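J.: The structure file query_22.txt (compact mmCIF, C-alpha atoms) is provided below.
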```txt
# COMPACT_ATOMS: atom_id res chain seq x y z
CA MET A 238 0.00 0.00 0.00
CA THR A 239 1.30 3.46 -0.84
CA GLU A 240 1.57 6.10 1.85
CA ALA A 241 -1.19 8.14 0.20
CA ASP A 242 -3.54 5.14 0.11
CA ALA A 243 -2.65 4.28 3.71
CA ARG A 244 -3.50 7.80 4.87
CA VAL A 245 -6.90 7.59 3.20
CA ALA A 246 -7.54 4.14 4.69
CA VAL A 247 -6.46 5.01 8.23
CA ALA A 248 -8.37 8.29 8.42
CA GLY A 249 -11.47 6.70 6.91
CA ALA A 250 -11.32 3.76 9.30
CA TYR A 251 -10.87 6.01 12.31
CA ARG A 252 -13.94 8.03 11.33
CA ALA A 253 -15.95 4.84 10.65
CA LEU A 254 -15.06 3.43 14.07
CA GLY A 255 -16.19 6.65 15.70
CA ALA A 256 -19.45 6.67 13.77
CA ALA A 257 -20.08 3.06 14.84
CA GLY A 258 -19.48 3.95 18.49
CA LEU A 259 -16.35 1.81 18.77
CA ILE A 260 -14.11 4.80 19.55
CA ALA A 261 -15.04 7.41 22.15
CA GLY A 262 -12.90 10.54 22.36
CA SER A 263 -9.31 9.61 21.57
CA SER A 264 -9.40 6.12 23.07
CA GLY A 265 -8.34 4.14 20.03
CA ASN A 266 -5.78 3.94 17.25
CA VAL A 267 -5.56 2.64 13.70
CA SER A 268 -2.62 1.85 11.44
CA ALA A 269 -1.80 0.52 7.99
CA ARG A 270 1.43 -1.11 6.85
CA ILE A 271 3.49 0.62 4.17
CA GLU A 272 6.89 -0.13 2.74
CA GLY A 273 9.44 0.49 5.46
CA GLY A 274 6.94 1.04 8.26
CA MET A 275 3.39 2.17 8.88
CA VAL A 276 0.97 5.08 8.88
CA ILE A 277 -0.71 5.45 12.28
CA SER A 278 -3.22 7.77 13.90
CA PRO A 279 -1.65 10.48 16.08
CA THR A 280 -1.88 10.69 19.83
CA GLY A 281 -4.81 12.61 21.26
CA THR A 282 -6.92 12.81 18.11
CA SER A 283 -10.62 11.99 17.80
CA PRO A 284 -12.72 10.63 14.93
CA GLU A 285 -14.16 14.11 14.44
CA ALA A 286 -10.75 15.78 14.25
CA VAL A 287 -8.62 13.23 12.41
CA THR A 288 -7.20 14.29 9.04
CA GLU A 289 -5.12 12.49 6.47
CA ALA A 290 -2.40 15.12 6.77
CA GLY A 291 -2.31 14.73 10.54
CA LEU A 292 -1.49 11.02 10.46
CA VAL A 293 2.03 9.89 11.31
CA ARG A 294 4.37 7.98 9.00
CA MET A 295 7.02 6.04 10.89
CA GLY A 296 9.24 2.98 10.91
CA LEU A 297 8.68 -0.05 13.11
CA GLN A 298 11.58 0.38 15.52
CA VAL A 299 11.79 3.98 16.77
CA PRO A 300 8.87 6.18 17.95
CA ALA A 301 7.97 9.22 15.88
CA PRO A 302 6.73 12.55 17.24
CA ARG A 303 2.94 12.69 17.69
CA ALA A 304 2.47 8.95 17.01
CA SER A 305 -0.19 7.13 19.02
CA SER A 306 0.92 6.08 22.49
CA GLU A 307 0.28 2.49 21.36
CA TRP A 308 2.62 2.67 18.36
CA ALA A 309 4.78 -0.14 19.81
CA LEU A 310 1.79 -2.50 19.85
CA HIS A 311 1.16 -1.92 16.15
CA ALA A 312 4.86 -2.13 15.26
CA ALA A 313 5.37 -5.38 17.16
CA LEU A 314 2.42 -7.01 15.41
CA TYR A 315 3.64 -5.95 11.97
CA LEU A 316 7.12 -7.27 12.74
CA ALA A 317 5.76 -10.59 13.99
CA ARG A 318 2.96 -11.00 11.45
CA PRO A 319 3.78 -10.37 7.77
CA ASP A 320 0.17 -11.39 6.96
CA LEU A 321 -1.22 -8.26 8.62
CA GLY A 322 -1.70 -5.08 6.63
CA ALA A 323 -3.94 -3.08 8.96
CA ILE A 324 -4.58 -2.97 12.72
CA VAL A 325 -7.43 -1.51 14.78
CA HIS A 326 -7.22 -1.03 18.56
CA THR A 327 -10.25 0.29 20.45
CA HIS A 328 -11.84 0.38 23.89
CA SER A 329 -15.26 -0.53 22.50
CA ASP A 330 -17.88 -1.18 25.18
CA ALA A 331 -18.64 -4.90 25.00
CA CYS A 332 -15.09 -6.00 24.22
CA THR A 333 -13.72 -3.89 27.06
CA ALA A 334 -16.38 -5.17 29.47
CA LEU A 335 -15.40 -8.75 28.68
CA ALA A 336 -11.70 -7.87 28.92
CA CYS A 337 -12.33 -6.35 32.35
CA LEU A 338 -13.53 -9.77 33.48
CA GLY A 339 -10.11 -11.04 32.46
CA GLU A 340 -11.72 -13.51 30.08
CA GLY A 341 -11.37 -14.34 26.45
CA MET A 342 -14.24 -15.25 24.17
CA PRO A 343 -15.01 -19.00 24.11
CA PRO A 344 -16.58 -20.88 21.16
CA PHE A 345 -20.14 -19.81 21.91
CA HIS A 346 -20.85 -18.95 18.26
CA TYR A 347 -19.46 -20.30 15.02
CA GLN A 348 -18.30 -16.81 13.98
CA VAL A 349 -15.55 -17.02 16.59
CA ALA A 350 -13.84 -19.37 14.12
CA GLY A 351 -13.55 -16.45 11.71
CA PHE A 352 -10.73 -15.04 13.86
CA GLY A 353 -8.59 -18.10 13.24
CA GLY A 354 -9.20 -20.49 16.11
CA ASP A 355 -11.59 -21.89 18.68
CA ASP A 356 -11.51 -18.78 20.86
CA VAL A 357 -10.42 -15.18 21.11
CA ARG A 358 -7.71 -14.91 23.74
CA CYS A 359 -7.44 -12.26 26.45
CA GLY A 360 -3.91 -11.06 27.10
CA ALA A 361 -2.77 -10.28 30.65
CA TYR A 362 -3.00 -6.74 31.95
CA VAL A 363 0.10 -4.63 31.30
CA THR A 364 0.46 -0.84 31.50
CA PHE A 365 -0.67 0.79 28.27
CA GLY A 366 1.84 2.18 25.80
CA THR A 367 4.68 -0.09 26.91
CA PRO A 368 6.88 -2.63 25.10
CA GLU A 369 5.58 -5.21 27.56
CA LEU A 370 2.02 -4.66 26.34
CA ALA A 371 3.23 -5.02 22.75
CA ALA A 372 4.70 -8.42 23.64
CA VAL A 373 1.44 -9.49 25.29
CA ALA A 374 -0.48 -8.46 22.18
CA VAL A 375 1.76 -10.49 19.88
CA GLN A 376 1.31 -13.56 22.07
CA ALA A 377 -2.47 -13.17 22.38
CA MET A 378 -2.80 -12.67 18.61
CA ALA A 379 -0.71 -15.70 17.63
CA GLY A 380 -2.67 -17.56 14.97
CA ARG A 381 -5.56 -15.12 15.33
CA THR A 382 -6.79 -11.87 13.80
CA ALA A 383 -8.23 -10.52 17.06
CA CYS A 384 -7.67 -10.54 20.80
CA LEU A 385 -8.75 -8.83 23.98
CA LEU A 386 -6.40 -7.07 26.40
CA SER A 387 -7.29 -7.47 30.06
CA ASN A 388 -8.73 -4.33 31.67
CA HIS A 389 -7.98 -2.41 28.48
CA GLY A 390 -9.70 -3.17 25.18
CA MET A 391 -9.43 -5.08 21.94
CA ILE A 392 -7.30 -5.51 18.84
CA ALA A 393 -8.56 -6.55 15.41
CA ALA A 394 -6.44 -6.90 12.29
CA GLY A 395 -6.43 -8.18 8.75
CA PRO A 396 -4.57 -8.19 5.45
CA ASP A 397 -6.15 -4.84 4.58
CA MET A 398 -8.20 -2.14 6.25
CA ALA A 399 -11.55 -3.48 5.08
CA ALA A 400 -10.81 -6.82 6.74
CA ALA A 401 -9.56 -5.16 9.93
CA LEU A 402 -12.69 -3.02 10.19
CA THR A 403 -14.94 -6.02 9.60
CA ALA A 404 -13.06 -7.95 12.30
CA ALA A 405 -13.44 -5.06 14.76
CA ARG A 406 -17.17 -4.71 14.16
CA THR A 407 -17.73 -8.47 14.34
CA LEU A 408 -15.70 -8.85 17.53
CA GLU A 409 -17.69 -6.12 19.27
CA ALA A 410 -21.01 -7.63 18.17
CA LEU A 411 -19.97 -11.10 19.37
CA ALA A 412 -18.74 -9.77 22.71
CA ARG A 413 -22.09 -8.04 23.23
CA GLN A 414 -24.01 -11.19 22.31
CA TYR A 415 -21.86 -13.36 24.57
CA LEU A 416 -22.39 -11.05 27.56
CA MET A 417 -26.14 -11.00 26.87
CA ALA A 418 -26.25 -14.79 26.67
CA ARG A 419 -24.33 -15.13 29.94
CA ALA A 420 -26.73 -12.74 31.64
CA ALA A 421 -29.68 -14.84 30.45
CA GLY A 422 -28.39 -18.23 31.51
CA THR A 423 -25.80 -20.93 30.85
CA VAL A 424 -24.16 -20.55 27.46
CA ARG A 425 -23.91 -23.64 25.27
CA LEU A 426 -20.39 -23.80 23.85
CA LEU A 427 -19.66 -25.43 20.52
CA THR A 428 -17.63 -28.62 20.54
CA ALA A 429 -14.16 -28.96 19.01
CA ALA A 430 -15.69 -30.88 16.11
CA GLU A 431 -18.31 -28.19 15.50
CA MET A 432 -15.65 -25.47 15.53
CA ALA A 433 -13.44 -27.49 13.17
CA ALA A 434 -16.35 -27.72 10.74
CA ALA A 435 -16.91 -23.96 11.04
CA ARG A 436 -13.22 -23.23 10.36
CA GLU A 437 -13.38 -25.44 7.29
CA ARG A 438 -16.39 -23.52 6.03
CA TYR A 439 -14.52 -20.24 6.58
CA ARG A 440 -11.81 -21.42 4.18
CA THR A 441 -14.23 -20.72 1.31
CA TYR A 442 -16.62 -18.27 3.03
CA GLY A 443 -17.23 -14.95 1.29
```
Could you show the structure in this file as structure tokens?
T.:
Amino acid sequence: MTEADARVAVAGAYRALGAAGLIAGSSGNVSARIEGGMVISPTGTSPEAVTEAGLVRMGLQVPAPRASSEWALHAALYLARPDLGAIVHTHSDACTALACLGEGMPPFHYQVAGFGGDDVRCGAYVTFGTPELAAVAVQAMAGRTACLLSNHGMIAAGPDMAAALTAARTLEALARQYLMARAAGTVRLLTAAEMAAARERYRTYG
């Protein structure tokens, strides 16, 4: 992706997340991979104020002025995962509520398989904006395109921005549904065989 295309994608995604209620204030960040690094939303911006010109181009090793406080999280994932082209990190309501329970998302619905496995992991709590949190994120995302971060929020990613946005919206919807189901009674979890069948279907889905 060119830098110009990345700026359009990141700014558009940030606004879309705000419009969907997945980002409140400046509590989220979005990035897209480019040759030699990434384009990432700046620290302290909001969906209403973000501009393409105000985004930050940077490498994956050294922080750049004005870059999001979570730049290391994005950089670590790009370094570890060549399959990822875009990353979304938010404190969306349902995902954050589940993360504040210190729990991941079990196989309560077949769509969980769409993130790459039988569950969505929840990484341990680590202070935000630190290299330690970046390491937790890489571990929690291994083999997955989404994870929760304990007492913090969520990460969703994909090969491009459209896929990352879809993952973020789907993860939030599933977290809300799972919490609703738990409040109503005992949740029936899918078996390993049922999840394997769902993953096989996802190989040709869409």
J.: Nearest residue to Pro284 (chain A) out of A:Val357, A:Ala250, A:Ala405, A:Ala434, using all atoms listed in the file?
T.: A:Ala250
J.: Tell me, in Å to one decimal, how far CA of Asp320 (chain A) is from CA of Leu427 (chain A).
T.: 27.8 Å
J.: Can you list, as a PyMOL selection string, every protein, DNA or RNA residue that comes within 10 Å of Gly291 (chain A) when you count all atoms listed in the file, leaving out same-chain residues fewer than 6 positions away?
T.: chain A and resi 244+248+277-279+282+303-304
J.: Which residues are close to Leu335 (chain A), i.e. within 12 Å by all atoms listed in the file, leaving aside same-chain residues fewer than 5 positions away? Reply as a PyMOL selection string.
T.: chain A and resi 328-330+340-343+357-360+384-391+408-417+419
J.: Please list as a list of chain:residue names every residue within 10 Å of Glu289 (chain A), counting only C-alpha atoms and excluding residues in the same chain fewer than 2 positions away.
T.: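 Close residues of Glu289 (chain A): A:Ala241, A:Asp242, A:Ala243, A:Arg244, A:Val245, A:Ala246, A:Val247, A:Ala248, A:Gly249, A:Val276, A:Ser278, A:Val287, A:Gly291, A:Leu292, A:Val293.
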J.: Find the axis-aligned box for region 406-423 of chain A, covering all its listed atoms and adding 5 Å on each side, and write its centre and edge lengths in Å to one decimal as lines of an AutoDock Vina configuration file.
T.:
```
center_x = -22.7
center_y = -12.8
center_z = 22.9
size_x = 24.0
size_y = 26.2
size_z = 27.5
```
J.: Go ahead and compute the interatomic distance for CA of Glu240 (chain A) and CA of Gly296 (chain A), in Å to one decimal.
T.: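 Interatomic distance, CA of Glu240 (chain A) to CA of Gly296 (chain A): 12.3 Å.
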